[in-house]
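my_file-v8.cif (mmCIF, C-alpha atoms) appears below.
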data_input
#
loop_
_atom_site.group_PDB
_atom_site.id
_atom_site.type_symbol
_atom_site.label_atom_id
_atom_site.label_comp_id
_atom_site.auth_asym_id
_atom_site.auth_seq_id
_atom_site.Cartn_x
_atom_site.Cartn_y
_atom_site.Cartn_z
ATOM 1 C CA MET A 1 -0.104 16.649 1.707
ATOM 2 C CA MET A 2 -3.086 14.330 1.422
ATOM 3 C CA ASN A 3 -6.159 15.847 -0.236
ATOM 4 C CA TRP A 4 -9.737 15.091 0.758
ATOM 5 C CA TYR A 5 -10.209 12.291 -1.728
ATOM 6 C CA ASP A 6 -6.970 10.507 -0.841
ATOM 7 C CA ASP A 7 -8.014 10.512 2.796
ATOM 8 C CA VAL A 8 -11.584 9.305 2.279
ATOM 9 C CA ARG A 9 -10.538 6.758 -0.325
ATOM 10 C CA ALA A 10 -8.107 5.207 2.163
ATOM 11 C CA LYS A 11 -10.975 4.879 4.624
ATOM 12 C CA ALA A 12 -13.111 3.245 1.928
ATOM 13 C CA GLU A 13 -10.450 0.647 1.041
ATOM 14 C CA PRO A 14 -12.213 -2.205 2.907
ATOM 15 C CA VAL A 15 -15.329 -1.520 0.813
ATOM 16 C CA PHE A 16 -13.303 -1.541 -2.403
ATOM 17 C CA GLN A 17 -11.737 -4.877 -1.474
ATOM 18 C CA GLU A 18 -15.189 -6.343 -0.858
ATOM 19 C CA ILE A 19 -16.242 -5.127 -4.313
ATOM 20 C CA VAL A 20 -13.338 -6.617 -6.270
ATOM 21 C CA ASN A 21 -13.651 -9.886 -4.366
ATOM 22 C CA HIS A 22 -17.378 -10.183 -5.052
ATOM 23 C CA GLY A 23 -18.528 -13.121 -7.158
ATOM 24 C CA PHE A 24 -20.102 -10.816 -9.747
ATOM 25 C CA ILE A 25 -16.793 -9.045 -10.423
ATOM 26 C CA LYS A 26 -14.780 -12.274 -10.382
ATOM 27 C CA ASP A 27 -17.155 -13.962 -12.824
ATOM 28 C CA LEU A 28 -17.320 -10.857 -15.033
ATOM 29 C CA MET A 29 -13.512 -10.803 -15.212
ATOM 30 C CA ALA A 30 -13.400 -14.475 -16.081
ATOM 31 C CA GLY A 31 -16.182 -14.214 -18.640
ATOM 32 C CA THR A 32 -18.183 -16.838 -16.749
ATOM 33 C CA LEU A 33 -20.901 -14.573 -15.360
ATOM 34 C CA SER A 34 -24.332 -15.987 -16.146
ATOM 35 C CA LYS A 35 -26.269 -14.269 -18.912
ATOM 36 C CA ASP A 36 -29.211 -13.865 -16.558
ATOM 37 C CA ALA A 37 -27.125 -12.057 -13.922
ATOM 38 C CA PHE A 38 -25.514 -9.813 -16.537
ATOM 39 C CA GLY A 39 -28.854 -9.124 -18.221
ATOM 40 C CA PHE A 40 -30.344 -8.179 -14.861
ATOM 41 C CA TYR A 41 -27.360 -5.927 -14.189
ATOM 42 C CA VAL A 42 -27.494 -4.104 -17.524
ATOM 43 C CA ASN A 43 -31.232 -3.525 -17.230
ATOM 44 C CA GLN A 44 -30.916 -2.157 -13.699
ATOM 45 C CA ASP A 45 -27.903 -0.102 -14.782
ATOM 46 C CA THR A 46 -30.062 1.475 -17.471
ATOM 47 C CA LEU A 47 -32.724 2.361 -14.902
ATOM 48 C CA TYR A 48 -30.078 3.617 -12.471
ATOM 49 C CA LEU A 49 -28.372 5.832 -15.038
ATOM 50 C CA ALA A 50 -31.666 7.379 -16.111
ATOM 51 C CA GLU A 51 -31.891 8.775 -12.568
ATOM 52 C CA TYR A 52 -28.156 9.373 -12.128
ATOM 53 C CA THR A 53 -28.059 11.718 -15.118
ATOM 54 C CA LYS A 54 -30.739 13.872 -13.453
ATOM 55 C CA ILE A 55 -28.829 13.812 -10.169
ATOM 56 C CA LEU A 56 -25.587 14.851 -11.903
ATOM 57 C CA SER A 57 -27.405 17.698 -13.621
ATOM 58 C CA ASN A 58 -28.802 18.876 -10.284
ATOM 59 C CA VAL A 59 -25.453 18.822 -8.507
ATOM 60 C CA GLY A 60 -23.847 20.557 -11.491
ATOM 61 C CA VAL A 61 -26.341 23.411 -11.329
ATOM 62 C CA LYS A 62 -25.407 23.920 -7.659
ATOM 63 C CA CYS A 63 -21.699 24.352 -8.501
ATOM 64 C CA TYR A 64 -20.340 27.900 -8.311
ATOM 65 C CA GLU A 65 -18.339 27.986 -11.542
ATOM 66 C CA ALA A 66 -19.884 27.737 -15.009
ATOM 67 C CA GLU A 67 -17.118 25.347 -16.102
ATOM 68 C CA GLU A 68 -18.007 22.978 -13.265
ATOM 69 C CA THR A 69 -21.686 23.099 -14.114
ATOM 70 C CA GLN A 70 -20.844 22.399 -17.739
ATOM 71 C CA PHE A 71 -18.725 19.388 -16.760
ATOM 72 C CA TYR A 72 -21.542 17.691 -14.855
ATOM 73 C CA LEU A 73 -24.120 18.467 -17.520
ATOM 74 C CA GLU A 74 -21.811 17.055 -20.200
ATOM 75 C CA ALA A 75 -21.035 14.037 -18.016
ATOM 76 C CA ALA A 76 -24.757 13.369 -17.737
ATOM 77 C CA THR A 77 -25.158 13.610 -21.513
ATOM 78 C CA GLY A 78 -22.065 11.487 -22.149
ATOM 79 C CA ILE A 79 -23.288 8.746 -19.857
ATOM 80 C CA ILE A 80 -26.536 8.557 -21.786
ATOM 81 C CA GLU A 81 -24.750 8.185 -25.119
ATOM 82 C CA VAL A 82 -22.149 5.629 -23.988
ATOM 83 C CA GLU A 83 -24.647 3.512 -22.120
ATOM 84 C CA LYS A 84 -27.121 3.629 -24.977
ATOM 85 C CA ALA A 85 -24.477 2.239 -27.327
ATOM 86 C CA LEU A 86 -23.384 -0.477 -24.894
ATOM 87 C CA HIS A 87 -26.913 -1.488 -24.043
ATOM 88 C CA GLN A 88 -27.774 -1.900 -27.708
ATOM 89 C CA VAL A 89 -25.035 -4.525 -27.831
ATOM 90 C CA PHE A 90 -25.473 -6.182 -24.451
ATOM 91 C CA LEU A 91 -29.083 -5.814 -23.340
ATOM 92 C CA ASP A 92 -31.148 -8.720 -24.621
ATOM 93 C CA LYS A 93 -34.804 -7.744 -24.961
ATOM 94 C CA LYS A 94 -35.897 -10.533 -22.652
ATOM 95 C CA TYR A 95 -34.181 -8.751 -19.740
ATOM 96 C CA VAL A 96 -35.768 -5.358 -20.398
ATOM 97 C CA HIS A 97 -38.364 -4.260 -17.868
ATOM 98 C CA SER A 98 -39.142 -1.088 -15.958
ATOM 99 C CA GLU A 99 -39.234 -2.411 -12.386
ATOM 100 C CA VAL A 100 -36.408 -0.890 -10.376
ATOM 101 C CA SER A 101 -34.781 -3.273 -7.891
ATOM 102 C CA PRO A 102 -34.824 -2.393 -4.169
ATOM 103 C CA THR A 103 -31.086 -1.647 -4.228
ATOM 104 C CA CYS A 104 -31.314 0.527 -7.328
ATOM 105 C CA GLU A 105 -34.215 2.424 -5.749
ATOM 106 C CA LEU A 106 -32.254 2.906 -2.543
ATOM 107 C CA TYR A 107 -29.092 4.096 -4.290
ATOM 108 C CA THR A 108 -30.691 6.656 -6.604
ATOM 109 C CA SER A 109 -33.161 7.926 -4.002
ATOM 110 C CA TYR A 110 -30.375 8.375 -1.460
ATOM 111 C CA MET A 111 -28.185 10.367 -3.860
ATOM 112 C CA ALA A 112 -31.112 12.518 -4.947
ATOM 113 C CA ARG A 113 -31.989 13.293 -1.325
ATOM 114 C CA ILE A 114 -28.404 14.220 -0.463
ATOM 115 C CA VAL A 115 -27.993 16.453 -3.522
ATOM 116 C CA ASN A 116 -31.333 18.184 -2.920
ATOM 117 C CA THR A 117 -30.954 18.575 0.850
ATOM 118 C CA TYR A 118 -27.324 19.408 1.553
ATOM 119 C CA SER A 119 -24.686 21.835 0.321
ATOM 120 C CA VAL A 120 -22.957 21.329 -3.005
ATOM 121 C CA GLU A 121 -19.806 19.712 -1.588
ATOM 122 C CA VAL A 122 -21.831 17.005 0.162
ATOM 123 C CA GLY A 123 -23.741 16.334 -3.045
ATOM 124 C CA LEU A 124 -20.490 16.079 -4.990
ATOM 125 C CA ALA A 125 -19.198 13.483 -2.531
ATOM 126 C CA ALA A 126 -22.396 11.449 -2.856
ATOM 127 C CA VAL A 127 -22.180 11.123 -6.651
ATOM 128 C CA LEU A 128 -18.422 10.501 -6.737
ATOM 129 C CA PRO A 129 -18.182 6.705 -6.210
ATOM 130 C CA CYS A 130 -20.035 6.047 -9.461
ATOM 131 C CA PHE A 131 -17.092 7.813 -11.099
ATOM 132 C CA SER A 132 -14.076 6.883 -9.008
ATOM 133 C CA ILE A 133 -14.898 3.449 -7.592
ATOM 134 C CA TYR A 134 -16.279 2.296 -10.933
ATOM 135 C CA LYS A 135 -13.077 3.359 -12.680
ATOM 136 C CA GLU A 136 -10.937 1.562 -10.121
ATOM 137 C CA VAL A 137 -12.962 -1.601 -10.558
ATOM 138 C CA GLY A 138 -12.489 -1.343 -14.334
ATOM 139 C CA ASP A 139 -8.738 -0.847 -13.894
ATOM 140 C CA TYR A 140 -8.590 -3.777 -11.488
ATOM 141 C CA MET A 141 -10.370 -6.087 -13.903
ATOM 142 C CA ILE A 142 -8.136 -5.109 -16.830
ATOM 143 C CA ALA A 143 -4.993 -5.595 -14.733
ATOM 144 C CA ASN A 144 -6.030 -8.973 -13.350
ATOM 145 C CA GLN A 145 -7.790 -10.650 -16.265
ATOM 146 C CA THR A 146 -6.376 -13.804 -17.807
ATOM 147 C CA ASN A 147 -8.695 -14.279 -20.794
ATOM 148 C CA LYS A 148 -9.313 -10.877 -22.384
ATOM 149 C CA ASP A 149 -9.467 -12.396 -25.862
ATOM 150 C CA ASN A 150 -12.306 -14.769 -24.987
ATOM 151 C CA ASN A 151 -14.389 -12.731 -22.563
ATOM 152 C CA PRO A 152 -17.891 -12.021 -23.921
ATOM 153 C CA TYR A 153 -18.093 -8.981 -21.629
ATOM 154 C CA GLN A 154 -14.748 -7.464 -22.626
ATOM 155 C CA SER A 155 -16.023 -4.376 -24.435
ATOM 156 C CA TRP A 156 -18.142 -3.545 -21.404
ATOM 157 C CA ILE A 157 -15.093 -3.804 -19.138
ATOM 158 C CA ASP A 158 -12.907 -1.809 -21.536
ATOM 159 C CA THR A 159 -15.286 1.164 -21.517
ATOM 160 C CA TYR A 160 -14.835 1.753 -17.795
ATOM 161 C CA ALA A 161 -11.068 1.340 -17.925
ATOM 162 C CA GLY A 162 -10.670 3.663 -20.923
ATOM 163 C CA GLU A 163 -8.935 7.041 -21.187
ATOM 164 C CA GLU A 164 -12.113 9.047 -21.781
ATOM 165 C CA PHE A 165 -13.749 7.778 -18.610
ATOM 166 C CA ALA A 166 -10.462 8.300 -16.723
ATOM 167 C CA ALA A 167 -10.445 11.970 -17.771
ATOM 168 C CA SER A 168 -13.991 12.430 -16.468
ATOM 169 C CA VAL A 169 -13.079 10.795 -13.173
ATOM 170 C CA ALA A 170 -10.016 13.033 -12.787
ATOM 171 C CA LYS A 171 -12.151 16.137 -13.335
ATOM 172 C CA ALA A 172 -14.787 14.989 -10.832
ATOM 173 C CA LEU A 173 -12.039 14.394 -8.260
ATOM 174 C CA GLU A 174 -10.511 17.812 -8.936
ATOM 175 C CA ILE A 175 -13.831 19.596 -8.462
ATOM 176 C CA THR A 176 -14.759 17.667 -5.318
ATOM 177 C CA ASN A 177 -11.334 18.229 -3.737
ATOM 178 C CA LYS A 178 -11.646 21.953 -4.486
ATOM 179 C CA TYR A 179 -14.959 22.221 -2.647
ATOM 180 C CA ALA A 180 -13.702 20.061 0.218
ATOM 181 C CA ALA A 181 -10.786 22.465 0.747
ATOM 182 C CA THR A 182 -13.172 25.199 1.928
ATOM 183 C CA ALA A 183 -15.861 23.031 3.515
ATOM 184 C CA SER A 184 -16.796 23.359 7.173
ATOM 185 C CA PRO A 185 -15.792 20.575 9.591
ATOM 186 C CA GLU A 186 -19.437 19.518 9.755
ATOM 187 C CA ASN A 187 -19.706 19.234 5.985
ATOM 188 C CA LEU A 188 -16.373 17.428 5.712
ATOM 189 C CA LYS A 189 -17.754 14.824 8.098
ATOM 190 C CA LEU A 190 -20.907 14.565 5.987
ATOM 191 C CA MET A 191 -18.859 14.287 2.789
ATOM 192 C CA GLU A 192 -16.961 11.326 4.207
ATOM 193 C CA GLU A 193 -20.151 9.688 5.449
ATOM 194 C CA VAL A 194 -22.000 9.924 2.146
ATOM 195 C CA PHE A 195 -18.981 8.895 0.065
ATOM 196 C CA ILE A 196 -18.483 5.728 2.088
ATOM 197 C CA LYS A 197 -22.204 5.007 2.092
ATOM 198 C CA THR A 198 -22.567 5.331 -1.682
ATOM 199 C CA SER A 199 -19.399 3.255 -2.108
ATOM 200 C CA LYS A 200 -21.168 0.532 -0.137
ATOM 201 C CA MET A 201 -24.155 0.949 -2.429
ATOM 202 C CA GLU A 202 -21.864 0.234 -5.383
ATOM 203 C CA TRP A 203 -21.155 -3.148 -3.747
ATOM 204 C CA MET A 204 -24.858 -3.622 -3.076
ATOM 205 C CA PHE A 205 -25.680 -2.905 -6.718
ATOM 206 C CA TRP A 206 -23.376 -5.648 -7.995
ATOM 207 C CA ASP A 207 -24.581 -7.988 -5.266
ATOM 208 C CA SER A 208 -28.214 -7.369 -6.196
ATOM 209 C CA ALA A 209 -27.456 -8.241 -9.821
ATOM 210 C CA TYR A 210 -25.617 -11.415 -8.822
ATOM 211 C CA LYS A 211 -28.641 -12.500 -6.790
ATOM 212 C CA GLN A 212 -31.134 -11.035 -9.312
ATOM 213 C CA GLU A 213 -32.782 -9.251 -6.432
ATOM 214 C CA LYS A 214 -36.553 -9.006 -6.243
ATOM 215 C CA TRP A 215 -38.973 -7.152 -4.030
ATOM 216 C CA ALA A 216 -40.042 -9.347 -1.106
ATOM 217 C CA LEU A 217 -43.726 -8.643 -1.781
#

Starting from the file, lay out its structure as structure tokens.
Amino acid sequence: MMNWYDDVRAKAEPVFQEIVNHGFIKDLMAGTLSKDAFGFYVNQDTLYLAEYTKILSNVGVKCYEAEETQFYLEAATGIIEVEKALHQVFLDKKYVHSEVSPTCELYTSYMARIVNTYSVEVGLAAVLPCFSIYKEVGDYMIANQTNKDNNPYQSWIDTYAGEEFAASVAKALEITNKYAATASPENLKLMEEVFIKTSKMEWMFWDSAYKQEKWAL
């Protein structure tokens, strides 16, 4: 029997294919991504994760079981530590600034609104793509790379295809599927909507980095 995630993930497959076929991902895999695009990405990722950790903490507090709350709080803390270490290696000071891109602003603000406005299961669905889609992209890159030994971005890629991150993703899926199993039809529809929307925002985030997106005014 198909669980909630299997069903919604199948519906999000066209989005996933757009992600792995994006120029940013292809160039990152090949090690040919421009330093400017990667620097922009890492800086925006830092700004994004500063908000995402708060959002994870908020959705964790709404969970019914203490173990579930603990997982999301620890995930938030773990993200901070891992990203801090990676950014020390990869984030050149010339790319560091505090202006959030339009896409980053949209993504974090949308998740925060969903988590703060709707029931816990809808919030869990909103934050899930940053776990599950990101892991799948990491797995895809590892499986399809041809120059792992010479890729300047390899340690970045390896982090998101690693066992520790995989364990976190599995737990997030388990918790979200559990809440989906008792969700109302209305909330199941909302869960699907927000999951697909935030999956699209994952694509938008990479696209914004590739284009080094700026505010129009």

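Atom CA of Ser208 of chain A sits 28.4 Å away from atom CA of Lys189 of chain A.
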
* To do: Using the chain letters and residue numbers of this document, give as a PyMOL selection string the residues selected by the PyMOL selection byres ((chain A and resi 132-138) around 7).
  => chain A and resi 20+128-131+139-142+157+160-161+166+169

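Residues within 6 Å of Ala112 of chain A, counting all atoms listed in the file and excluding same-chain residues fewer than 3 positions away, are Ile55, Ser109 and Val115 of chain A.
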
Which segment 113-183 of chain A residues have any atom within 8 Å of an atom of segment 60-75 of chain A, and for each, what is the nearest pair of atoms with distance in Å to one decimal, counting all atoms listed in the file, rows sorted by chain and number, as a Markdown table?
| residue | atom | partner | partner_atom | distance |
| --- | --- | --- | --- | --- |
| A:Val120 | CA | A:Lys62 | CA | 5.9 |
| A:Ser168 | CA | A:Ala75 | CA | 7.4 |
| A:Ile175 | CA | A:Glu68 | CA | 7.2 |

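Atom CA of Gly31 of chain A sits 18.7 Å away from atom CA of Asp45 of chain A.
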
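Using all atoms listed in the file, the shortest contact distance between Lys200 of chain A and any of A:Asp149, A:Glu13, A:Asp36, A:Glu163 is found at A:Glu13.
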
Since I can't run it myself right now, could you work out what the PyMOL selection byres ((chain A and resi 7-11) around 10) selects here and report it as an mmCIF file with C-alpha atoms, keeping the file's coordinate frame?
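The resulting file, result-v3.cif, is shown below:
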data_model
loop_
_atom_site.group_PDB
_atom_site.id
_atom_site.type_symbol
_atom_site.label_atom_id
_atom_site.label_comp_id
_atom_site.auth_asym_id
_atom_site.auth_seq_id
_atom_site.Cartn_x
_atom_site.Cartn_y
_atom_site.Cartn_z
ATOM 1 C CA MET A 2 -3.086 14.330 1.422
ATOM 2 C CA ASN A 3 -6.159 15.847 -0.236
ATOM 3 C CA TRP A 4 -9.737 15.091 0.758
ATOM 4 C CA TYR A 5 -10.209 12.291 -1.728
ATOM 5 C CA ASP A 6 -6.970 10.507 -0.841
ATOM 6 C CA ALA A 12 -13.111 3.245 1.928
ATOM 7 C CA GLU A 13 -10.450 0.647 1.041
ATOM 8 C CA PRO A 14 -12.213 -2.205 2.907
ATOM 9 C CA VAL A 15 -15.329 -1.520 0.813
ATOM 10 C CA PHE A 16 -13.303 -1.541 -2.403
ATOM 11 C CA ALA A 125 -19.198 13.483 -2.531
ATOM 12 C CA PRO A 129 -18.182 6.705 -6.210
ATOM 13 C CA SER A 132 -14.076 6.883 -9.008
ATOM 14 C CA ILE A 133 -14.898 3.449 -7.592
ATOM 15 C CA MET A 191 -18.859 14.287 2.789
ATOM 16 C CA GLU A 192 -16.961 11.326 4.207
ATOM 17 C CA GLU A 193 -20.151 9.688 5.449
ATOM 18 C CA PHE A 195 -18.981 8.895 0.065
ATOM 19 C CA ILE A 196 -18.483 5.728 2.088
ATOM 20 C CA SER A 199 -19.399 3.255 -2.108
#

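Relative to atom CA of Glu213 of chain A, atom CA of Thr103 of chain A is found at 8.1 Å.
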
* Looking at only C-alpha atoms, which of A:Leu28, A:Met204, A:Leu124, A:Ala183 is the one that sits closest to Gln145 of chain A? ->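 When distances to Gln145 of chain A are compared using only C-alpha atoms, the smallest one comes from A:Leu28.
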
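The smallest atom-to-atom distance between Glu121 of chain A and any of A:Pro185, A:Gly39, A:Pro152, A:Gly23, using only C-alpha atoms, is found for A:Pro185.
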
* Asked: When distances are computed from only C-alpha atoms, which of A:Leu190, A:Cys104, A:Leu47, A:Leu56 shows the smallest separation from Asp207 of chain A?
  -> A:Cys104

* Evaluate the PyMOL selection byres ((chain A and resi 44) around 10) and report residues as a list in words ->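 Output from the PyMOL selection byres ((chain A and resi 44) around 10), applied to this file: Phe38, Gly39, Phe40, Tyr41, Val42, Asn43, Asp45, Thr46, Leu47, Tyr48, Leu49, Ala50, Tyr95, Val96, His97, Ser98, Glu99, Val100, Ser101, Thr103, Cys104, Glu105, Phe205, Ser208, Ala209 and Gln212 of chain A.
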
* Asked: Which residue out of A:Glu174, A:Lys26, A:Val82, A:Val59 has the minimum interatomic distance to Ser155 of chain A when only C-alpha atoms are used?
  ->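 Looking only at the distances to Ser155 of chain A, the closest residue turns out to be A:Val82.
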
* **Exercise: Val194 of chain A partners within 9 Å, all atoms listed in the file, chain neighbours under 6 positions left out, as a ChimeraX atom specification** => /A:111,114,122-123,125-127

* Minimum-distance residue to Gln154 of chain A, chosen among A:Lys84, A:Lys171, A:Phe90, A:Thr53 (using only C-alpha atoms) ->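 Between A:Lys84, A:Lys171, A:Phe90, A:Thr53, the residue approaching Gln154 of chain A most closely is A:Phe90.
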